[in-house]
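The structure file start.pdb is reproduced below (PDB, C-alpha atoms, pLDDT in the B column).
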ATOM      1  CA  MET A   1     -15.850 -36.678   0.182  1.00 49.00           C
ATOM      2  CA  SER A   2     -14.277 -33.487   1.488  1.00 78.00           C
ATOM      3  CA  VAL A   3     -14.813 -30.231  -0.359  1.00 90.00           C
ATOM      4  CA  PRO A   4     -11.640 -28.632  -1.772  1.00 95.00           C
ATOM      5  CA  ILE A   5     -10.771 -25.286  -0.181  1.00 97.00           C
ATOM      6  CA  VAL A   6      -8.977 -22.666  -2.254  1.00 98.00           C
ATOM      7  CA  LEU A   7      -7.495 -19.394  -1.055  1.00 98.00           C
ATOM      8  CA  ALA A   8      -7.823 -16.749  -3.768  1.00 97.00           C
ATOM      9  CA  SER A   9      -4.869 -14.715  -2.588  1.00 93.00           C
ATOM     10  CA  GLY A  10      -1.140 -14.280  -2.947  1.00 89.00           C
ATOM     11  CA  SER A  11      -0.849 -13.367   0.737  1.00 90.00           C
ATOM     12  CA  GLN A  12       1.644 -15.592   2.528  1.00 91.00           C
ATOM     13  CA  ILE A  13       0.295 -14.652   5.973  1.00 92.00           C
ATOM     14  CA  ARG A  14      -3.282 -15.643   5.051  1.00 96.00           C
ATOM     15  CA  ALA A  15      -2.101 -18.997   3.701  1.00 96.00           C
ATOM     16  CA  THR A  16      -0.082 -19.537   6.879  1.00 96.00           C
ATOM     17  CA  LEU A  17      -3.052 -18.695   9.124  1.00 97.00           C
ATOM     18  CA  LEU A  18      -5.226 -21.299   7.380  1.00 97.00           C
ATOM     19  CA  ARG A  19      -2.524 -23.975   7.308  1.00 97.00           C
ATOM     20  CA  ASN A  20      -1.636 -23.346  10.960  1.00 97.00           C
ATOM     21  CA  ALA A  21      -5.332 -23.939  11.742  1.00 97.00           C
ATOM     22  CA  GLY A  22      -5.004 -27.391  10.154  1.00 96.00           C
ATOM     23  CA  LEU A  23      -6.646 -26.692   6.800  1.00 96.00           C
ATOM     24  CA  GLU A  24      -5.438 -28.099   3.508  1.00 95.00           C
ATOM     25  CA  VAL A  25      -5.754 -25.219   1.071  1.00 96.00           C
ATOM     26  CA  GLU A  26      -4.777 -24.686  -2.512  1.00 97.00           C
ATOM     27  CA  ILE A  27      -3.456 -21.217  -3.346  1.00 97.00           C
ATOM     28  CA  MET A  28      -4.603 -19.476  -6.522  1.00 97.00           C
ATOM     29  CA  ARG A  29      -3.860 -15.811  -7.059  1.00 95.00           C
ATOM     30  CA  PRO A  30      -6.644 -13.940  -8.881  1.00 95.00           C
ATOM     31  CA  ARG A  31      -5.814 -11.341 -11.500  1.00 92.00           C
ATOM     32  CA  VAL A  32      -7.821  -8.344 -10.375  1.00 90.00           C
ATOM     33  CA  ASP A  33      -7.219  -4.634 -10.928  1.00 91.00           C
ATOM     34  CA  GLU A  34      -7.819  -3.733  -7.288  1.00 89.00           C
ATOM     35  CA  ALA A  35      -6.861  -0.082  -7.725  1.00 88.00           C
ATOM     36  CA  ALA A  36      -9.389   0.463 -10.527  1.00 93.00           C
ATOM     37  CA  VAL A  37     -12.200  -1.251  -8.600  1.00 93.00           C
ATOM     38  CA  LYS A  38     -11.369   0.687  -5.441  1.00 93.00           C
ATOM     39  CA  GLN A  39     -11.344   4.005  -7.328  1.00 93.00           C
ATOM     40  CA  ALA A  40     -14.713   3.238  -8.948  1.00 95.00           C
ATOM     41  CA  LEU A  41     -16.269   2.360  -5.587  1.00 95.00           C
ATOM     42  CA  LEU A  42     -14.816   5.476  -3.943  1.00 93.00           C
ATOM     43  CA  ALA A  43     -16.236   7.584  -6.792  1.00 94.00           C
ATOM     44  CA  GLU A  44     -19.660   6.094  -6.035  1.00 95.00           C
ATOM     45  CA  GLY A  45     -19.282   7.038  -2.353  1.00 94.00           C
ATOM     46  CA  ALA A  46     -19.002   3.452  -1.101  1.00 95.00           C
ATOM     47  CA  PRO A  47     -17.967   3.180   2.571  1.00 95.00           C
ATOM     48  CA  PRO A  48     -14.696   1.393   3.462  1.00 94.00           C
ATOM     49  CA  ARG A  49     -16.542  -1.692   4.722  1.00 95.00           C
ATOM     50  CA  ASP A  50     -18.302  -2.149   1.375  1.00 96.00           C
ATOM     51  CA  ILE A  51     -15.063  -1.640  -0.553  1.00 96.00           C
ATOM     52  CA  ALA A  52     -13.272  -4.381   1.389  1.00 96.00           C
ATOM     53  CA  ASP A  53     -16.265  -6.704   0.969  1.00 97.00           C
ATOM     54  CA  ALA A  54     -16.603  -6.044  -2.772  1.00 97.00           C
ATOM     55  CA  LEU A  55     -12.902  -6.671  -3.422  1.00 97.00           C
ATOM     56  CA  ALA A  56     -12.950  -9.892  -1.384  1.00 97.00           C
ATOM     57  CA  GLU A  57     -15.986 -11.117  -3.330  1.00 98.00           C
ATOM     58  CA  LEU A  58     -14.445 -10.202  -6.670  1.00 97.00           C
ATOM     59  CA  LYS A  59     -11.329 -12.267  -5.906  1.00 97.00           C
ATOM     60  CA  ALA A  60     -13.311 -15.257  -4.615  1.00 98.00           C
ATOM     61  CA  ARG A  61     -15.763 -15.189  -7.522  1.00 97.00           C
ATOM     62  CA  LYS A  62     -12.993 -14.964 -10.131  1.00 96.00           C
ATOM     63  CA  ILE A  63     -11.235 -18.106  -8.870  1.00 98.00           C
ATOM     64  CA  SER A  64     -14.506 -19.872  -8.008  1.00 97.00           C
ATOM     65  CA  GLU A  65     -15.618 -19.729 -11.637  1.00 96.00           C
ATOM     66  CA  LYS A  66     -12.491 -21.723 -12.555  1.00 95.00           C
ATOM     67  CA  THR A  67     -12.743 -24.312  -9.746  1.00 97.00           C
ATOM     68  CA  PRO A  68     -16.174 -26.013  -9.807  1.00 96.00           C
ATOM     69  CA  GLY A  69     -17.312 -27.420  -6.467  1.00 96.00           C
ATOM     70  CA  ALA A  70     -14.515 -25.832  -4.430  1.00 97.00           C
ATOM     71  CA  LEU A  71     -15.050 -23.406  -1.568  1.00 98.00           C
ATOM     72  CA  VAL A  72     -13.026 -20.376  -2.570  1.00 98.00           C
ATOM     73  CA  ILE A  73     -11.965 -17.809   0.026  1.00 98.00           C
ATOM     74  CA  GLY A  74     -11.400 -14.241  -1.132  1.00 98.00           C
ATOM     75  CA  CYS A  75     -10.004 -11.618   1.241  1.00 97.00           C
ATOM     76  CA  ASP A  76      -9.280  -7.927   1.272  1.00 95.00           C
ATOM     77  CA  GLN A  77      -8.179  -5.392   3.850  1.00 94.00           C
ATOM     78  CA  VAL A  78      -8.576  -1.635   3.856  1.00 95.00           C
ATOM     79  CA  LEU A  79      -7.308   0.994   6.265  1.00 96.00           C
ATOM     80  CA  GLU A  80      -9.478   3.988   7.080  1.00 96.00           C
ATOM     81  CA  PHE A  81      -7.791   7.022   8.598  1.00 97.00           C
ATOM     82  CA  ASP A  82      -9.418  10.425   9.064  1.00 93.00           C
ATOM     83  CA  GLY A  83     -12.189   9.530   6.637  1.00 89.00           C
ATOM     84  CA  ALA A  84      -9.832   8.433   3.842  1.00 90.00           C
ATOM     85  CA  LEU A  85      -8.520   5.068   2.667  1.00 92.00           C
ATOM     86  CA  LEU A  86      -4.777   4.511   2.787  1.00 90.00           C
ATOM     87  CA  SER A  87      -3.169   2.209   0.235  1.00 85.00           C
ATOM     88  CA  LYS A  88       0.000   0.140   0.257  1.00 89.00           C
ATOM     89  CA  PRO A  89       2.944   2.547   0.072  1.00 94.00           C
ATOM     90  CA  GLU A  90       4.735   2.617  -3.269  1.00 94.00           C
ATOM     91  CA  THR A  91       8.007   4.042  -1.919  1.00 97.00           C
ATOM     92  CA  PRO A  92       9.815   4.225   1.436  1.00 98.00           C
ATOM     93  CA  GLU A  93       9.019   7.966   1.433  1.00 97.00           C
ATOM     94  CA  ALA A  94       5.300   7.226   1.065  1.00 97.00           C
ATOM     95  CA  ALA A  95       5.504   4.714   3.920  1.00 97.00           C
ATOM     96  CA  LEU A  96       7.186   7.270   6.157  1.00 97.00           C
ATOM     97  CA  ASP A  97       4.584   9.874   5.245  1.00 97.00           C
ATOM     98  CA  GLN A  98       1.727   7.485   6.161  1.00 96.00           C
ATOM     99  CA  LEU A  99       3.301   6.629   9.497  1.00 98.00           C
ATOM    100  CA  ARG A 100       3.893  10.290  10.332  1.00 97.00           C
ATOM    101  CA  GLN A 101       0.255  11.104   9.580  1.00 97.00           C
ATOM    102  CA  MET A 102      -1.069   8.278  11.772  1.00 98.00           C
ATOM    103  CA  ARG A 103       1.250   8.602  14.766  1.00 97.00           C
ATOM    104  CA  GLY A 104      -0.500   9.494  18.010  1.00 97.00           C
ATOM    105  CA  LYS A 105      -3.906   8.855  16.390  1.00 98.00           C
ATOM    106  CA  ARG A 106      -6.426   6.060  15.822  1.00 98.00           C
ATOM    107  CA  HIS A 107      -7.287   4.284  12.603  1.00 98.00           C
ATOM    108  CA  ARG A 108      -9.454   1.353  11.524  1.00 97.00           C
ATOM    109  CA  LEU A 109      -8.538  -1.835   9.734  1.00 96.00           C
ATOM    110  CA  LEU A 110     -11.367  -3.644   7.982  1.00 97.00           C
ATOM    111  CA  SER A 111     -10.654  -7.224   6.891  1.00 97.00           C
ATOM    112  CA  ALA A 112     -13.234  -8.858   4.640  1.00 98.00           C
ATOM    113  CA  ALA A 113     -13.583 -12.504   3.705  1.00 98.00           C
ATOM    114  CA  VAL A 114     -16.066 -13.945   1.211  1.00 98.00           C
ATOM    115  CA  ILE A 115     -16.493 -17.628   0.363  1.00 98.00           C
ATOM    116  CA  CYS A 116     -17.826 -18.481  -3.093  1.00 98.00           C
ATOM    117  CA  ARG A 117     -18.817 -21.806  -4.601  1.00 97.00           C
ATOM    118  CA  ASP A 118     -19.468 -22.209  -8.317  1.00 96.00           C
ATOM    119  CA  GLY A 119     -19.261 -18.453  -8.801  1.00 95.00           C
ATOM    120  CA  ARG A 120     -21.806 -17.556  -6.100  1.00 97.00           C
ATOM    121  CA  PRO A 121     -21.158 -16.127  -2.601  1.00 98.00           C
ATOM    122  CA  GLU A 122     -22.123 -18.480   0.231  1.00 97.00           C
ATOM    123  CA  TRP A 123     -20.741 -16.539   3.204  1.00 98.00           C
ATOM    124  CA  ARG A 124     -19.190 -13.182   4.015  1.00 98.00           C
ATOM    125  CA  HIS A 125     -17.853 -11.319   7.018  1.00 98.00           C
ATOM    126  CA  VAL A 126     -16.029  -8.037   7.600  1.00 98.00           C
ATOM    127  CA  GLY A 127     -13.973  -7.826  10.781  1.00 97.00           C
ATOM    128  CA  GLN A 128     -13.013  -4.458  12.236  1.00 97.00           C
ATOM    129  CA  VAL A 129     -10.130  -3.426  14.476  1.00 97.00           C
ATOM    130  CA  ARG A 130      -9.322   0.004  15.918  1.00 98.00           C
ATOM    131  CA  LEU A 131      -5.629   0.724  16.494  1.00 98.00           C
ATOM    132  CA  THR A 132      -3.968   3.592  18.324  1.00 98.00           C
ATOM    133  CA  MET A 133      -0.475   4.441  17.184  1.00 98.00           C
ATOM    134  CA  ARG A 134       2.047   5.872  19.593  1.00 97.00           C
ATOM    135  CA  ALA A 135       3.682   9.229  18.934  1.00 97.00           C
ATOM    136  CA  ALA A 136       6.960   7.805  17.638  1.00 97.00           C
ATOM    137  CA  SER A 137       9.817  10.155  16.806  1.00 97.00           C
ATOM    138  CA  ASP A 138      10.829  10.989  13.249  1.00 97.00           C
ATOM    139  CA  ALA A 139      14.160   9.273  13.859  1.00 98.00           C
ATOM    140  CA  TYR A 140      12.504   6.034  14.951  1.00 98.00           C
ATOM    141  CA  LEU A 141      10.032   6.043  12.046  1.00 98.00           C
ATOM    142  CA  GLN A 142      12.822   6.672   9.519  1.00 98.00           C
ATOM    143  CA  ALA A 143      14.892   3.826  10.954  1.00 98.00           C
ATOM    144  CA  TYR A 144      11.819   1.571  11.122  1.00 98.00           C
ATOM    145  CA  VAL A 145      11.013   2.090   7.434  1.00 98.00           C
ATOM    146  CA  ALA A 146      14.664   1.607   6.430  1.00 98.00           C
ATOM    147  CA  ARG A 147      14.902  -1.679   8.384  1.00 97.00           C
ATOM    148  CA  ASN A 148      11.539  -3.068   7.299  1.00 97.00           C
ATOM    149  CA  TRP A 149      10.850  -1.704   3.810  1.00 98.00           C
ATOM    150  CA  ASP A 150      11.051  -5.070   2.019  1.00 96.00           C
ATOM    151  CA  SER A 151       8.321  -6.410   4.312  1.00 94.00           C
ATOM    152  CA  ILE A 152       6.042  -3.386   4.789  1.00 96.00           C
ATOM    153  CA  ARG A 153       5.892  -2.402   1.107  1.00 94.00           C
ATOM    154  CA  ASP A 154       3.060  -4.947   0.776  1.00 89.00           C
ATOM    155  CA  ALA A 155       1.231  -3.830   3.915  1.00 91.00           C
ATOM    156  CA  VAL A 156      -1.581  -1.315   3.978  1.00 90.00           C
ATOM    157  CA  GLY A 157      -0.576   1.350   6.499  1.00 92.00           C
ATOM    158  CA  ALA A 158       3.140   0.520   6.147  1.00 95.00           C
ATOM    159  CA  TYR A 159       3.371  -1.809   9.146  1.00 96.00           C
ATOM    160  CA  LYS A 160       3.013  -5.455  10.104  1.00 93.00           C
ATOM    161  CA  LEU A 161       1.797  -6.146  13.602  1.00 92.00           C
ATOM    162  CA  GLU A 162       3.347  -9.619  13.594  1.00 92.00           C
ATOM    163  CA  GLU A 163       6.778  -8.029  13.163  1.00 94.00           C
ATOM    164  CA  GLU A 164       8.496  -4.912  14.533  1.00 97.00           C
ATOM    165  CA  GLY A 165       5.378  -2.932  13.646  1.00 96.00           C
ATOM    166  CA  VAL A 166       3.854  -3.972  16.971  1.00 96.00           C
ATOM    167  CA  ARG A 167       6.151  -1.367  18.607  1.00 97.00           C
ATOM    168  CA  LEU A 168       4.258   1.411  16.802  1.00 98.00           C
ATOM    169  CA  PHE A 169       1.090   0.910  18.873  1.00 98.00           C
ATOM    170  CA  THR A 170      -0.228   1.751  22.329  1.00 98.00           C
ATOM    171  CA  ALA A 171      -3.642   0.075  22.016  1.00 97.00           C
ATOM    172  CA  ILE A 172      -5.470  -2.384  19.771  1.00 96.00           C
ATOM    173  CA  ASP A 173      -9.202  -2.930  20.077  1.00 97.00           C
ATOM    174  CA  GLY A 174     -10.212  -6.029  18.161  1.00 95.00           C
ATOM    175  CA  ASP A 175      -9.156  -9.436  16.900  1.00 93.00           C
ATOM    176  CA  TYR A 176      -5.497 -10.154  16.132  1.00 94.00           C
ATOM    177  CA  PHE A 177      -6.273 -12.298  13.082  1.00 96.00           C
ATOM    178  CA  THR A 178      -8.327  -9.460  11.616  1.00 95.00           C
ATOM    179  CA  VAL A 179      -5.267  -7.215  11.893  1.00 94.00           C
ATOM    180  CA  LEU A 180      -3.329  -9.826   9.924  1.00 94.00           C
ATOM    181  CA  GLY A 181      -5.905  -9.635   7.140  1.00 93.00           C
ATOM    182  CA  MET A 182      -8.447 -12.383   7.798  1.00 96.00           C
ATOM    183  CA  PRO A 183     -11.428 -12.771  10.195  1.00 97.00           C
ATOM    184  CA  LEU A 184     -10.162 -16.287  10.903  1.00 97.00           C
ATOM    185  CA  LEU A 185     -12.410 -17.349  13.787  1.00 97.00           C
ATOM    186  CA  GLU A 186     -15.609 -16.441  11.960  1.00 97.00           C
ATOM    187  CA  LEU A 187     -14.360 -18.135   8.785  1.00 98.00           C
ATOM    188  CA  LEU A 188     -13.471 -21.345  10.631  1.00 97.00           C
ATOM    189  CA  ASN A 189     -16.866 -21.334  12.379  1.00 97.00           C
ATOM    190  CA  PHE A 190     -18.619 -21.201   9.005  1.00 97.00           C
ATOM    191  CA  LEU A 191     -16.494 -24.004   7.549  1.00 97.00           C
ATOM    192  CA  MET A 192     -17.240 -26.181  10.596  1.00 96.00           C
ATOM    193  CA  LEU A 193     -20.992 -25.483  10.490  1.00 94.00           C
ATOM    194  CA  ARG A 194     -21.014 -26.269   6.788  1.00 92.00           C
ATOM    195  CA  GLY A 195     -19.195 -29.545   7.411  1.00 92.00           C
ATOM    196  CA  ALA A 196     -16.249 -28.557   5.210  1.00 93.00           C
ATOM    197  CA  ILE A 197     -13.824 -29.155   8.115  1.00 93.00           C
ATOM    198  CA  ASP A 198     -14.043 -31.265  11.255  1.00 91.00           C
ATOM    199  CA  SER A 199     -15.536 -29.712  14.379  1.00 84.00           C
TER     200      SER A 199
END
Rewritten as structure tokens:
Amino acid sequence: MSVPIVLASGSQIRATLLRNAGLEVEIMRPRVDEAAVKQALLAEGAPPRDIADALAELKARKISEKTPGALVIGCDQVLEFDGALLSKPETPEAALDQLRQMRGKRHRLLSAAVICRDGRPEWRHVGQVRLTMRAASDAYLQAYVARNWDSIRDAVGAYKLEEEGVRLFTAIDGDYFTVLGMPLLELLNFLMLRGAIDS
């Protein structure tokens, strides 16, 4: 009998990545105060990698406790720039400010995934990508935010690489799926080794 797979996320792109890879997944959105957890971890001096991992585990564990026997995937992504974490922009002005700060410079995206079963972690991985943003003009950035605000308001860093946001970059060092918010290849490898999906 196959093991049910649940994605503990409201992210449409993550669900699409898994379904495009041929997985049947149930979607359950966990209720987690991410901002409060992130602030507590930052206050303790936790590095960005550990923050992404802890948030991914929290989401997976929360749903896993409600779905006995299922493999529950929790994910989180953080953006580190100049030693600080950037959050999803709350306004178009905040998005523009983030993009202005990052233009012409490099930043890191860390995408964590944790799989829990019966409330316990069974697997975890944090993928890392380094991105170099081109020195776009103020006029272009303003127009970009105006055109794309409805989409980028939910994106850490105020861009989506799978959309017009790809034009903001000159170089990307790392895995494309990790940029989209999930270390997909590593996750699929684990599910195959575990026998949860065909290999």
(request) Measuring atom to atom with only C-alpha atoms, identify which of A:Ala139, A:Val114, A:Leu99, A:Leu42 is nearest to A:Cys75. (result) A:Val114
(request) Find the residue from A:Pro92, A:Gly45, A:Pro68, A:Gly10 that sits nearest to A:Ala146; use only C-alpha atoms when measuring. (result)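 Using only C-alpha atoms, A:Ala146 sits closest to A:Pro92.
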(request) Decode the PyMOL selection byres ((chain A and resi 153-161) around 8) for the given file into explicit residues and return them as an NGL selection string. (result) :A and (77-79 or 86-92 or 95-96 or 98-99 or 149-152 or 162-166 or 179-180)
(message) One decimal, in Å: what's the spacing between atom CA of A:Met192 and atom CA of A:Ala113?
(response)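 Atom CA of A:Met192 sits 15.7 Å away from atom CA of A:Ala113.
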(request) Using the chain letters and residue numbers of this document, give as an MDAnalysis selection string the residues selected by the PyMOL selection byres ((chain A and resi 16) around 12). (result) chainID A and resid 7 9:15 17:27 177 180:182 184
(request) Please measure the separation of atom CA of A:Pro183 and atom CA of A:Val126, giving the value in Å to one decimal. (result)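 Atom CA of A:Pro183 sits 7.1 Å away from atom CA of A:Val126.
With distances taken over all atoms listed in the file, A:Ala196 is the one residue among A:Leu131, A:Ala46, A:Ala196, A:Ile115 lying closest to A:Pro4.
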(message) Could you check the closest approach to A:Ala8 for each of A:Asp53, A:Glu34, A:Asp76, A:Glu44 and tell me which residue wins, using only C-alpha atoms?
(response)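 Ranking A:Asp53, A:Glu34, A:Asp76, A:Glu44 by distance to A:Ala8, first place goes to A:Asp76.
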(message) Using only C-alpha atoms and a cutoff of 12 Å, can you tell me which residues are near (-4.7, -6.8, -11.5) in the file's coordinates, and write them out as JSON, numbers by chain?
(response) {"A": [9, 10, 29, 30, 31, 32, 33, 34, 35, 36, 37, 38, 55, 58, 59, 62]}
(message) Using all atoms listed in the file for the distances, tell me which of A:Leu185, A:Leu191, A:Ala94, A:Met102 is nearest to A:Asp82.
(response)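 Closest candidate: A:Met102.
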(request) For atom CA of A:Tyr144 and atom CA of A:Thr170, quote the distance in Å rounded to one decimal. (result)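 These two atoms are separated by 16.5 Å.
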(message) For a quick check of understanding, using all atoms listed in the file, which of A:Gln39, A:Gln101, A:Thr132, A:Ser111 has the smallest distance to A:Asp173?
(response)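 Going through A:Gln39, A:Gln101, A:Thr132, A:Ser111 one by one, the smallest distance to A:Asp173 is for A:Thr132.
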Surrounding residues of A:Lys66 excluding itself and chain neighbours under 4 positions, 10 Å, all atoms listed in the file, as a short mmCIF file (atom, residue, chain, number, x, y, z; two decimals) with C-alpha atoms, in the frame of the given file:
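New file selection.cif:
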data_model
loop_
_atom_site.label_atom_id
_atom_site.label_comp_id
_atom_site.auth_asym_id
_atom_site.auth_seq_id
_atom_site.Cartn_x
_atom_site.Cartn_y
_atom_site.Cartn_z
CA ARG A 61 -15.76 -15.19 -7.52
CA LYS A 62 -12.99 -14.96 -10.13
CA ALA A 70 -14.52 -25.83 -4.43
CA ASP A 118 -19.47 -22.21 -8.32
CA GLY A 119 -19.26 -18.45 -8.80
#
